[in-house]
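Asks: Sending over a structure as structure tokens; questions will come in a sec.
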Amino acid sequence: MENMDIKKTILSGVQPSGTLTIGNYLGALRNWAKMQNDYNCYFCVVDLHAITVRQVPAELRQNCLKTLALYLAVGIDPNKNALFLQSHVPAHAELSWVLSCYTMYGELSRMTQFKDKSAKHSDNINAGLFTYPVLMAADILLYQPDLVPVGSDQKQHIELARDIANRFNNVYSETFKIPEPYMPKIGTRIMSLSEPTSKMSKSDSGDGSIFLLDNKDAVIRKIKRAVTDSGSEVRYAEGKDGINNLMSIYSAFTGKTFDEIENEFSGKGYGDFKLAVGETVADALADIQDKYNVFISDKEQLNKILLDGSQKASYTAEKTLRKVYRKVGFYSIK
Ligand code: AQP
């Protein structure tokens, strides 16, 4: 039997706030699948985070299962990893409260995601949107992970989680392991096709995002319409945000370097390049979708995976939470 104790631990999650994009895949999921044999892994669907933005309840429930089925479809094995919903492990919300008393207002005010999301949802700038990074710190610190594999957009949140952990450890004694962010070299920040200076997001409507469940026609159409510049040479360069983004996507899916891509398309225009990117992405997604369709149709199996996963996760999470409660001075009757 594998010895779980000698492996390092990783934790990561995705919000079920829509259908996952190739940004979520390249920035996060694909790396999880690669790391699962070498690490003791906790992969969560962070549904508590999703309600910082209004969700339709029936869609949120469905998106949780869809997200889980996508985890499985990209090759994440429920027998090797704990796969669970955040709301099934109450320790996340409980630790979040404690940590919020060790997080400064000024720190939260500096979070760029809060600024971006409050601009996007100006009619609903709720306290949860503001304290989101504290819940994320709790998500992470509960599992004492060594690494947190995420896209670079989450770097600031992980730095805050480290600061909160260090602060707590200094006030009491060593309680939390200080985790490191782990980011892919390519695909760390996939940009919107329609607005290549903003990141691709699953909650964006329109043609800026490629969703993992998009069909081939939609993928080809969106990439054909992707915003580029007035030039015609396929070359990675400052100011060519649209082309740089498509080159990153092509590179991430094919493994080709930027030099190889520039050679492949030398003398050809953006049209040929976009078609090649579209075909490559669509083929990769078709493979994921075939597997997804099998998993999503077996709700009983999905439920069982979630039950097993939340039991595994709760075991570790509860251990950390009990330690924290003891250190801060909560009275225990046990
Ligand atoms: N565009 C991206 N490029 C690379 N990585 C990305 N990630 C998200 N977008 C990109 C990574 O995906 C993981 C899960 O993110 P999340 O669901 O927790 O929330 P998010 O970062 O806010 O993702 P979205 O897609 O933009 O969701 P919405 O639209 O709901 O806000 C993280 O590891 C993230 O780095």
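Numbering starts fresh at 1 for the residues of each chain in the structure tokens, the chains themselves are lettered A, B, ... in the order given, and ligands are numbered from 1 as they appear.
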Identify, counting only C-alpha atoms and all ligand atoms, the protein, DNA and RNA residues located within 7 Å of ligand 1, and give them as a VMD selection string.
Replies: chain A and resid 12 to 18 20 to 21 23 to 28 50 149 to 154 187 to 191 199 to 204
Asks: What residues in range 30-277 of chain A get the DSSP label alpha helix (DSSP H)? Please answer as number ranges by chain.
Replies: A: 30-35, 47-50, 57-73, 91-100, 105-109, 112-120, 127-141, 155-171, 216-224, 241-254, 258-264, 270-277
Asks: Could those residues be written to a file, using C-alpha atoms, as a compact mmCIF listing (two decimals), in the first residue's frame?
Replies:
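Once written, out-v7.txt looks like this:
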# COMPACT_ATOMS: atom_id res chain seq x y z
CA ARG A 30 -4.16 19.81 -15.83
CA ASN A 31 -1.43 20.21 -13.24
CA TRP A 32 -3.46 18.47 -10.60
CA ALA A 33 -3.75 15.45 -12.87
CA LYS A 34 0.02 15.44 -13.38
CA MET A 35 0.75 15.76 -9.65
CA ASP A 47 -19.16 26.12 -3.56
CA LEU A 48 -19.06 28.43 -0.50
CA HIS A 49 -16.98 30.84 -2.57
CA ALA A 50 -19.42 30.73 -5.48
CA PRO A 57 -29.68 27.56 -6.76
CA ALA A 58 -30.58 24.79 -9.21
CA GLU A 59 -27.71 25.82 -11.49
CA LEU A 60 -25.26 25.94 -8.60
CA ARG A 61 -26.19 22.39 -7.57
CA GLN A 62 -25.78 21.21 -11.16
CA ASN A 63 -22.49 23.10 -11.60
CA CYS A 64 -21.06 21.33 -8.55
CA LEU A 65 -21.65 17.94 -10.15
CA LYS A 66 -20.44 19.20 -13.55
CA THR A 67 -17.23 20.50 -12.00
CA LEU A 68 -16.65 17.17 -10.26
CA ALA A 69 -17.32 15.28 -13.52
CA LEU A 70 -14.78 17.54 -15.27
CA TYR A 71 -12.18 16.79 -12.58
CA LEU A 72 -12.71 13.10 -13.32
CA ALA A 73 -12.73 13.65 -17.10
CA ALA A 91 -14.36 23.09 9.16
CA HIS A 92 -13.78 25.45 6.19
CA ALA A 93 -16.36 27.94 7.41
CA GLU A 94 -15.36 27.46 11.05
CA LEU A 95 -11.66 28.10 10.50
CA SER A 96 -12.51 31.01 8.24
CA TRP A 97 -14.13 32.84 11.16
CA VAL A 98 -11.13 32.31 13.41
CA LEU A 99 -8.69 33.43 10.69
CA SER A 100 -10.76 36.52 9.96
CA TYR A 105 -8.89 45.16 6.91
CA GLY A 106 -6.06 46.86 5.00
CA GLU A 107 -4.77 43.51 3.71
CA LEU A 108 -8.17 42.59 2.29
CA SER A 109 -8.59 46.05 0.77
CA THR A 112 -6.96 42.95 -6.79
CA GLN A 113 -9.61 40.25 -7.26
CA PHE A 114 -11.86 42.10 -4.79
CA LYS A 115 -11.38 45.31 -6.75
CA ASP A 116 -12.06 43.53 -10.09
CA LYS A 117 -15.10 41.64 -8.83
CA SER A 118 -16.63 44.62 -7.08
CA ALA A 119 -16.31 46.60 -10.30
CA LYS A 120 -17.97 43.73 -12.20
CA ALA A 127 -18.97 41.25 2.78
CA GLY A 128 -18.31 37.73 1.46
CA LEU A 129 -16.68 39.15 -1.65
CA PHE A 130 -14.40 41.14 0.66
CA THR A 131 -13.55 38.28 3.05
CA TYR A 132 -13.24 35.65 0.30
CA PRO A 133 -9.43 35.46 0.72
CA VAL A 134 -9.86 34.52 4.41
CA LEU A 135 -12.06 31.57 3.47
CA MET A 136 -9.48 30.66 0.85
CA ALA A 137 -6.76 30.79 3.51
CA ALA A 138 -8.87 28.43 5.63
CA ASP A 139 -9.40 26.09 2.64
CA ILE A 140 -5.67 25.83 2.25
CA LEU A 141 -4.37 25.85 5.82
CA LYS A 155 -0.77 34.39 -6.23
CA GLN A 156 -1.84 37.38 -4.13
CA HIS A 157 -4.38 35.26 -2.23
CA ILE A 158 -1.79 32.61 -1.46
CA GLU A 159 0.62 35.23 -0.21
CA LEU A 160 -2.09 36.46 2.12
CA ALA A 161 -2.75 32.89 3.33
CA ARG A 162 0.96 32.62 4.13
CA ASP A 163 0.90 35.93 6.01
CA ILE A 164 -2.14 34.88 8.05
CA ALA A 165 -0.54 31.51 8.85
CA ASN A 166 2.72 33.14 9.91
CA ARG A 167 0.87 35.64 12.08
CA PHE A 168 -1.11 32.88 13.81
CA ASN A 169 2.02 30.75 14.29
CA ASN A 170 3.85 33.71 15.82
CA VAL A 171 1.05 34.59 18.24
CA LYS A 216 -15.89 22.11 -32.12
CA ASP A 217 -17.85 24.74 -34.07
CA ALA A 218 -18.01 27.07 -31.08
CA VAL A 219 -14.27 26.69 -30.39
CA ILE A 220 -13.29 27.37 -34.01
CA ARG A 221 -15.70 30.31 -34.25
CA LYS A 222 -14.48 31.94 -31.01
CA ILE A 223 -10.82 31.58 -31.95
CA LYS A 224 -11.47 32.89 -35.46
CA ASP A 241 -1.60 40.57 -26.45
CA GLY A 242 -4.09 38.67 -28.61
CA ILE A 243 -1.45 36.76 -30.58
CA ASN A 244 0.64 36.16 -27.45
CA ASN A 245 -2.40 34.63 -25.79
CA LEU A 246 -3.21 32.37 -28.76
CA MET A 247 0.45 31.31 -28.88
CA SER A 248 0.33 30.45 -25.17
CA ILE A 249 -2.82 28.40 -25.69
CA TYR A 250 -1.34 26.60 -28.70
CA SER A 251 1.92 26.01 -26.85
CA ALA A 252 0.14 24.68 -23.77
CA PHE A 253 -1.91 22.18 -25.79
CA THR A 254 0.84 21.03 -28.20
CA PHE A 258 7.23 29.83 -29.06
CA ASP A 259 10.20 29.53 -31.46
CA GLU A 260 8.76 26.35 -32.95
CA ILE A 261 5.36 28.02 -33.35
CA GLU A 262 6.89 31.07 -35.03
CA ASN A 263 8.75 28.77 -37.47
CA GLU A 264 5.66 26.68 -38.15
CA TYR A 270 -3.20 34.97 -38.62
CA GLY A 271 -6.03 33.10 -40.38
CA ASP A 272 -4.01 29.87 -40.79
CA PHE A 273 -2.67 30.17 -37.26
CA LYS A 274 -6.12 30.66 -35.75
CA LEU A 275 -7.45 27.66 -37.60
CA ALA A 276 -4.62 25.48 -36.26
CA VAL A 277 -5.21 26.73 -32.71
Asks: Figure out the distance between CA of Lys8 in chain A and CA of Gln144 in chain A, please, to one decimal in Å.
Replies: 9.6 Å
Asks: As an exercise, work out the distance from CA of Leu142 in chain A to CA of Pro179 in chain A in Å and give it to one decimal place.
Replies: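 One can read the CA of Leu142 in chain A to CA of Pro179 in chain A distance as 11.1 Å.
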Asks: DSSP on the backbone, strand (DSSP E or B) only: what residues of range 6-44 of chain A does that give? Format it as a list in words.
Replies: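 Output for range 6-44 of chain A, strand (DSSP E or B) only: Lys8, Thr9, Ile10, Leu11, Ser12, Gly13, Val14, Thr21, Tyr39, Asn40, Cys41, Tyr42, Phe43 and Cys44 of chain A.
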Asks: For the interface of range 174-243 of chain A with range 284-293 of chain A (cut-off 10 Å, counting only C-alpha atoms), please tabulate each contacting residue of range 174-243 of chain A alongside its nearest pair of atoms and their separation in Å to one decimal, rows sorted by chain and increasing number, as CSV.
Replies:
residue,atom,partner,partner_atom,distance
A:Ile210,CA,A:Leu285,CA,9.9
A:Phe211,CA,A:Leu285,CA,8.9
A:Leu212,CA,A:Leu285,CA,6.1
A:Leu213,CA,A:Gln289,CA,6.3
A:Asp214,CA,A:Leu285,CA,7.8
A:Asn215,CA,A:Ala286,CA,7.6
A:Lys216,CA,A:Ala286,CA,7.7
A:Val219,CA,A:Leu285,CA,9.3
Asks: What gap, in Å, lies between CA of Arg326 in chain A and CA of Phe43 in chain A?
Replies: 27.0 Å
